[in-house]
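The block underneath contains the structure these notes are about, expressed in structure tokens.
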Amino acid sequence: MSLINYQELLEKIKFWGKELGFSDVGISDIDLSAHESVLERWLANNYHGNMDYMARHGLMRARPAELVPGTIRVISVRLDYLPHNAQFASILKDKNKAYISRYALGRDYHKLMRKRLQQLGQKIAEHCSDFNYRPFVDSAPVMERPLAEKAGLGWAGKHTLLINKKAGSWFFLGELFVDIPLPLTDNEYSKKAIENTTTESKTNDCGTCVACIKICPTKAIVEPYTVDARRCISYFTIESPDAIPEELRPLMGNRIYGCDDCQLICPWNKYAQLSLVDDFQARNNLDDSSLLTLFAWSEEYFLNTLQGSPIRRIGFQSWLRNIAVALGNAPYSDIIVTALTEKLTEVNEFLAEHINWALAQQDHKKMLSEQAGAEQEKNHRLTLRLIRSVEKGLTRDA
Ligand code: B12
Ligand code: SF4
Ligand code: SF4
């Protein structure tokens, strides 16, 4: 039996990872015991809303070897997704345009990353006779961020997303569960990840900054490192098929699929790197479309055009629900009122309720234009502050 030099193998894994286009690769053990109570508390507070899958597997989410028996290491990878010409500020500024989270402008990342992780696993298998692996990308009960933190890919910021000092936070995570004793990553992030779970207060490169907590339009970051998903725009425009709570609708602005605000305000995103993946560049003008154009799509057109896009997953009903609310948040326009009224004749009760809400908003703005305008500006106040900060600090991506 030939002995394997795991240090040498690790160097090869890093090389293959880069060859496959991953921006970073790190190795962690599988001990997430310090995160079990955090996860339990999050679930007990019902912060997961109707994402039943978050509660379904109990603590297996924090116990990789229960998910894949035999796992002793996790290889975490990072893949940058920031598209060229992100136009963050210019689209958020124009209330008649549709703002779609910049991770979702191109092809769905799940399949693409899983395929690359599978290839990485195959490469390792060619060098290790007795080797088992399973790739995951956001698809199974796995705590991806705490694993990636331990693997030295970055630190979890107060908005809970992973950040790297040289790369910001515009990236996806994925992992390969493996059953070989690879050496663990030992860098500033992995050291901090361990320190932070053994001390009362966290220390990291967020320092005293609280910009993400302040800028969140719906106050979803209820305390540092904790997001109440039910208040997060990403949750109620993507994950939840239910009606959007009325009090949150005006705060959504023109964000019709996900939200990037907490990352946009983050000073570390000055160092974000543009994605090298063609599939993540914008397709079908999704980076710069008017709300009315998207609202006019038929279901057939939606399904055909969004083939391979993550947006297709939410279905046509949620798509129209989100755009209807954004149209309610747009400045008064006869054309918008006509489009909403016409749509009323062809939709079910669920959508009709959102459209009627939007019509009432439009009506309100027409009747009391000045006062309503001021009210709308109040809701838009944080977005205006964000736009200024992006224009000043992220000139390339503004
Ligand atoms: C459920 C989920 C959501 C939910 C809930 C988000 C949340 N913050 O929990 C919703 C729908 C809101 C969401 C939104 C988004 N998501 Co999401 N989401 C997930 C998912 C599936 C699980 C996250 C989870 O387990 N949450 C439960 C909490 C308890 O765990 P956690 O946040 O990971 O762990 C934190 C705590 O343990 C905390 N912590 C640690 N120690 C301590 C100690 C104390 C005292 C406390 C209080 C906390 C604490 O820090 C940990 C790390 O942040 C992951 C994929 C995965 N399987 O991990 C993607 C994932 C986190 N999402 C991702 C993305 C990109 C997003 C969005 C940016 C998408 C968008 N543009 O709209 C937004 C960002 C919103 C935000 N600020 O989080 C990426 C993040 C990549 C990155 N750079 O970090 C992931 C990893 C998917 C992927 N494979 O790339 N998401
Ligand atoms: S994604 Fe938007 S709504 Fe969700 S926590 Fe971040 S800023 Fe708040
Ligand atoms: S905005 Fe500030 S507090 Fe929030 S994640 Fe970035 S550095 Fe940390």
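Ordering of the structure tokens sets the chain letters (A, B, ...), residue numbers begin anew at 1 in every chain, and ligands are numbered from 1 in the order given.
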
Practice prompt. Just list the residues in segment 147-296 of chain A DSSP gives helix (DSSP H, G or I) on the backbone, as a ChimeraX atom specification.
Written response: /A:147-150,188-198,211-215,229-231,233-239,246-252,261-264,267-271,278-280,291-295

So that I have them on file, write out the residues from the current selection with N, CA and C atoms, as a short mmCIF file (atom, residue, chain, number, x, y, z; two decimals), in the first residue's frame.
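Output below, filename again-v6.cif:
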```cif
data_model
loop_
_atom_site.label_atom_id
_atom_site.label_comp_id
_atom_site.auth_asym_id
_atom_site.auth_seq_id
_atom_site.Cartn_x
_atom_site.Cartn_y
_atom_site.Cartn_z
N LEU A 147 -18.22 26.83 8.11
CA LEU A 147 -17.20 25.92 7.57
C LEU A 147 -16.14 26.72 6.80
N ALA A 148 -16.62 27.65 5.97
CA ALA A 148 -15.69 28.44 5.15
C ALA A 148 -14.81 29.33 6.03
N GLU A 149 -15.38 29.79 7.13
CA GLU A 149 -14.61 30.62 8.07
C GLU A 149 -13.48 29.78 8.66
N LYS A 150 -13.83 28.57 9.07
CA LYS A 150 -12.81 27.67 9.63
C LYS A 150 -11.77 27.29 8.59
N GLU A 188 -4.97 33.68 9.19
CA GLU A 188 -5.57 34.62 10.16
C GLU A 188 -7.06 34.35 10.37
N TYR A 189 -7.77 33.97 9.29
CA TYR A 189 -9.23 33.77 9.41
C TYR A 189 -9.55 32.48 10.18
N SER A 190 -8.83 31.40 9.85
CA SER A 190 -9.14 30.14 10.53
C SER A 190 -8.80 30.25 12.02
N LYS A 191 -7.73 30.97 12.33
CA LYS A 191 -7.36 31.15 13.75
C LYS A 191 -8.45 31.92 14.47
N LYS A 192 -8.91 33.02 13.84
CA LYS A 192 -9.96 33.86 14.45
C LYS A 192 -11.26 33.07 14.60
N ALA A 193 -11.55 32.22 13.61
CA ALA A 193 -12.80 31.46 13.66
C ALA A 193 -12.83 30.62 14.94
N ILE A 194 -11.69 30.06 15.29
CA ILE A 194 -11.63 29.23 16.49
C ILE A 194 -11.67 30.11 17.74
N GLU A 195 -10.84 31.18 17.73
CA GLU A 195 -10.83 32.10 18.88
C GLU A 195 -12.23 32.63 19.18
N ASN A 196 -12.94 33.01 18.10
CA ASN A 196 -14.25 33.66 18.28
C ASN A 196 -15.31 32.73 18.83
N THR A 197 -15.09 31.43 18.71
CA THR A 197 -16.10 30.53 19.27
C THR A 197 -15.76 30.15 20.71
N THR A 198 -14.56 30.56 21.14
CA THR A 198 -14.20 30.21 22.51
C THR A 198 -14.19 31.42 23.45
N ALA A 211 -22.22 49.67 9.63
CA ALA A 211 -22.87 50.27 8.45
C ALA A 211 -23.96 49.37 7.87
N CYS A 212 -23.73 48.07 7.82
CA CYS A 212 -24.73 47.18 7.20
C CYS A 212 -26.01 47.15 8.02
N ILE A 213 -25.85 47.18 9.34
CA ILE A 213 -27.03 47.12 10.22
C ILE A 213 -27.87 48.38 10.02
N LYS A 214 -27.18 49.50 9.88
CA LYS A 214 -27.89 50.78 9.74
C LYS A 214 -28.57 50.93 8.39
N ILE A 215 -27.92 50.41 7.33
CA ILE A 215 -28.44 50.68 5.98
C ILE A 215 -29.56 49.71 5.59
N ALA A 229 -34.62 36.31 8.83
CA ALA A 229 -34.90 36.14 7.40
C ALA A 229 -36.26 36.72 7.02
N ARG A 230 -37.23 36.62 7.93
CA ARG A 230 -38.59 37.09 7.59
C ARG A 230 -38.63 38.56 7.20
N ARG A 231 -37.66 39.33 7.67
CA ARG A 231 -37.62 40.75 7.33
C ARG A 231 -36.69 41.04 6.15
N ILE A 233 -35.29 41.23 2.47
CA ILE A 233 -35.88 41.35 1.14
C ILE A 233 -35.57 40.10 0.30
N SER A 234 -34.40 39.54 0.55
CA SER A 234 -34.01 38.33 -0.17
C SER A 234 -35.00 37.20 0.13
N TYR A 235 -35.45 37.13 1.36
CA TYR A 235 -36.40 36.08 1.76
C TYR A 235 -37.77 36.31 1.14
N PHE A 236 -38.30 37.52 1.30
CA PHE A 236 -39.69 37.64 0.85
C PHE A 236 -39.84 37.89 -0.64
N THR A 237 -38.72 38.14 -1.35
CA THR A 237 -38.83 38.22 -2.82
C THR A 237 -38.40 36.92 -3.51
N ILE A 238 -37.64 36.08 -2.79
CA ILE A 238 -37.13 34.85 -3.43
C ILE A 238 -37.66 33.59 -2.75
N GLU A 239 -37.42 33.48 -1.45
CA GLU A 239 -37.69 32.21 -0.78
C GLU A 239 -39.16 31.98 -0.46
N GLU A 246 -47.47 43.73 4.35
CA GLU A 246 -47.77 45.07 3.85
C GLU A 246 -46.80 46.14 4.35
N GLU A 247 -46.39 46.00 5.63
CA GLU A 247 -45.52 47.05 6.18
C GLU A 247 -44.13 47.03 5.55
N LEU A 248 -43.76 45.90 4.93
CA LEU A 248 -42.43 45.82 4.32
C LEU A 248 -42.44 46.24 2.85
N ARG A 249 -43.63 46.27 2.25
CA ARG A 249 -43.70 46.56 0.81
C ARG A 249 -43.07 47.90 0.42
N PRO A 250 -43.40 48.99 1.13
CA PRO A 250 -42.81 50.28 0.71
C PRO A 250 -41.29 50.30 0.85
N LEU A 251 -40.77 49.46 1.76
CA LEU A 251 -39.33 49.46 2.03
C LEU A 251 -38.53 48.69 0.98
N MET A 252 -39.26 47.92 0.19
CA MET A 252 -38.62 47.08 -0.83
C MET A 252 -38.12 47.92 -2.01
N ASP A 261 -27.99 45.47 -0.47
CA ASP A 261 -27.64 46.69 0.25
C ASP A 261 -26.58 46.50 1.34
N CYS A 262 -26.72 45.42 2.15
CA CYS A 262 -25.77 45.28 3.26
C CYS A 262 -24.35 45.04 2.75
N GLN A 263 -24.24 44.48 1.54
CA GLN A 263 -22.90 44.27 0.97
C GLN A 263 -22.40 45.54 0.27
N LEU A 264 -23.36 46.28 -0.31
CA LEU A 264 -22.97 47.50 -1.03
C LEU A 264 -22.36 48.54 -0.11
N PRO A 267 -17.45 48.53 3.57
CA PRO A 267 -16.21 49.12 3.05
C PRO A 267 -15.27 48.10 2.41
N TRP A 268 -15.39 46.84 2.81
CA TRP A 268 -14.46 45.83 2.27
C TRP A 268 -14.76 45.49 0.82
N ASN A 269 -15.93 45.87 0.34
CA ASN A 269 -16.23 45.55 -1.07
C ASN A 269 -15.52 46.47 -2.06
N LYS A 270 -14.77 47.43 -1.52
CA LYS A 270 -13.86 48.20 -2.39
C LYS A 270 -12.84 47.26 -3.03
N TYR A 271 -12.58 46.16 -2.32
CA TYR A 271 -11.52 45.26 -2.79
C TYR A 271 -12.09 44.07 -3.56
N ASP A 278 -17.95 33.67 -17.32
CA ASP A 278 -18.85 34.27 -18.33
C ASP A 278 -20.31 34.06 -17.96
N ASP A 279 -20.61 32.88 -17.43
CA ASP A 279 -22.00 32.55 -17.09
C ASP A 279 -22.61 33.48 -16.04
N PHE A 280 -21.77 34.21 -15.29
CA PHE A 280 -22.32 35.11 -14.27
C PHE A 280 -22.54 36.53 -14.80
N LEU A 291 -39.33 48.20 -14.99
CA LEU A 291 -40.33 47.37 -14.30
C LEU A 291 -41.46 47.03 -15.26
N LEU A 292 -41.87 48.02 -16.06
CA LEU A 292 -43.00 47.79 -16.96
C LEU A 292 -42.67 46.74 -18.02
N THR A 293 -41.43 46.75 -18.51
CA THR A 293 -41.05 45.74 -19.51
C THR A 293 -41.18 44.35 -18.91
N LEU A 294 -40.66 44.18 -17.70
CA LEU A 294 -40.68 42.84 -17.09
C LEU A 294 -42.10 42.45 -16.69
N PHE A 295 -42.92 43.44 -16.32
CA PHE A 295 -44.30 43.16 -15.91
C PHE A 295 -45.13 42.67 -17.10
#
```

- Got a sec to check which residues lie within 7 Å of ligand 1, using only C-alpha atoms and all ligand atoms, and send them as a ChimeraX atom specification? /A:35,38-39,42,48,54,101-103,137-146,156-157,159-163,169-174,197,224-227,229,232,234-235,239,258-260,262

For ligand 2, the closest of A:Glu353, A:Asp397, A:Glu223, A:Asp334 counting only C-alpha atoms and all ligand atoms is A:Glu223

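The nearest approach to ligand 2 among the residues A:Arg283, A:Arg321, A:Lys18, A:Lys158, with only C-alpha atoms and all ligand atoms taken into account, belongs to A:Lys158.
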
Query raised in the report: Nearest to ligand 2 among A:Asn356, A:Asn348, A:Thr218, A:Asn304, with distances taken over only C-alpha atoms and all ligand atoms: which residue is it?
Result: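 Distance minimum relative to ligand 2 lands on A:Thr218.
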
Check: Residues at most 8 Å from Ala282 of chain A, counting only C-alpha atoms, excluding those fewer than 3 positions away in the same chain, as a list in words?
Finding: Pro83, Leu105, Gly106, Asn285, Leu286 and Asp287 of chain A

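Minimum atom-to-atom distance to Val325 of chain A, evaluated using only C-alpha atoms, belongs to A:Pro245 out of A:Pro245, A:Phe88, A:His127, A:His110.
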
Computed gap from atom CA of Ala360 of chain A to atom CA of Trp319 of chain A is 19.9 Å

Could you name the residues that touch Arg63 of chain A at 9 Å or less, counting only C-alpha atoms, but leaving out those on the same chain fewer than 6 positions away, as number ranges by chain? A: 30-33, 36, 142-143

File of the preceding selection, C-alpha atoms, as a CSV table (one decimal), in the first residue's frame:
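Result file result_32.csv:
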```
chain,number,residue,atom,x,y,z
A,30,ILE,CA,-15.9,19.2,10.9
A,31,ASP,CA,-16.4,20.5,14.4
A,32,LEU,CA,-19.2,23.1,14.3
A,33,SER,CA,-20.3,22.3,17.9
A,36,GLU,CA,-25.2,24.4,17.3
A,142,VAL,CA,-24.7,22.3,5.6
A,143,MET,CA,-23.6,25.4,7.5
```

Could you tell me which of A:Leu59, A:Asp228, A:Cys206, A:Phe136 comes closest to Tyr47 of chain A if we count only C-alpha atoms?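 Using only C-alpha atoms, the shortest distance to Tyr47 of chain A belongs to A:Asp228.
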
Fewer than 6 positions away in the same chain doesn't count, so skip those; otherwise give me all residues within 12 Å of Gln307 of chain A, counting only C-alpha atoms, as a VMD selection string.
-> chain A and resid 106 to 108 283 to 284 300 to 301 313 315

Give the answer as one residue: which of A:Ser240, A:Thr338, A:Tyr6, A:Ile221 has the shortest atom-to-atom distance to Tyr257 of chain A, using only C-alpha atoms?
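Of A:Ser240, A:Thr338, A:Tyr6, A:Ile221, the one nearest Tyr257 of chain A is A:Ser240, counting only C-alpha atoms.
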
- [ ] Grab the atom CA of Ser76 of chain A to atom CA of Ser309 of chain A distance for me, in Å with one decimal place.
- [x]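 Computed distance, atom CA of Ser76 of chain A to atom CA of Ser309 of chain A, equals 23.9 Å.
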
Within segment 6-181 of chain A, find each residue whose DSSP state, derived from the backbone, is strand (DSSP E or B), and express the selection as an mmCIF file with C-alpha atoms, in the first residue's frame.
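Final output, result_23.cif:
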```cif
data_model
loop_
_atom_site.group_PDB
_atom_site.id
_atom_site.type_symbol
_atom_site.label_atom_id
_atom_site.label_comp_id
_atom_site.auth_asym_id
_atom_site.auth_seq_id
_atom_site.Cartn_x
_atom_site.Cartn_y
_atom_site.Cartn_z
ATOM 1 C CA ASP A 24 -9.863 30.283 -3.149
ATOM 2 C CA VAL A 25 -9.726 26.859 -1.528
ATOM 3 C CA GLY A 26 -9.364 25.978 2.179
ATOM 4 C CA ILE A 27 -9.629 22.966 4.475
ATOM 5 C CA SER A 28 -11.435 22.653 7.803
ATOM 6 C CA ARG A 73 -12.544 17.174 6.458
ATOM 7 C CA VAL A 74 -14.370 19.749 4.389
ATOM 8 C CA ILE A 75 -12.776 21.459 1.402
ATOM 9 C CA SER A 76 -14.483 24.871 1.079
ATOM 10 C CA VAL A 77 -14.261 26.896 -2.114
ATOM 11 C CA ARG A 78 -15.045 30.481 -3.076
ATOM 12 C CA LEU A 79 -16.295 31.598 -6.475
ATOM 13 C CA ASP A 80 -16.517 35.332 -7.214
ATOM 14 C CA LYS A 97 -36.159 50.196 -13.257
ATOM 15 C CA TYR A 99 -33.159 45.998 -9.386
ATOM 16 C CA ILE A 100 -32.159 42.322 -9.436
ATOM 17 C CA TYR A 133 -16.329 12.672 -1.472
ATOM 18 C CA ARG A 134 -19.636 14.533 -1.835
ATOM 19 C CA PRO A 135 -19.989 18.019 -3.338
ATOM 20 C CA PHE A 136 -22.483 20.539 -1.927
ATOM 21 C CA TRP A 155 -14.759 36.083 8.325
ATOM 22 C CA ALA A 156 -18.502 36.270 8.830
ATOM 23 C CA LEU A 162 -18.402 35.903 4.557
ATOM 24 C CA ILE A 163 -15.916 38.642 3.707
ATOM 25 C CA ASN A 164 -12.306 38.459 2.657
ATOM 26 C CA GLY A 168 -14.902 41.582 -0.430
ATOM 27 C CA PHE A 171 -18.838 35.355 -3.848
ATOM 28 C CA PHE A 172 -20.583 32.002 -3.520
ATOM 29 C CA LEU A 173 -19.464 29.163 -1.305
ATOM 30 C CA GLY A 174 -19.391 25.460 -1.994
ATOM 31 C CA GLU A 175 -17.779 22.447 -0.417
ATOM 32 C CA LEU A 176 -16.491 18.936 -0.854
ATOM 33 C CA PHE A 177 -16.961 16.596 2.129
ATOM 34 C CA VAL A 178 -14.028 14.177 2.180
#
```

- Item | Selection near segment 362-364 of chain A, 6 Å with only C-alpha atoms, sequence-local residues under 3 positions removed, as a PyMOL selection string | chain A and resi 328+332+359+367
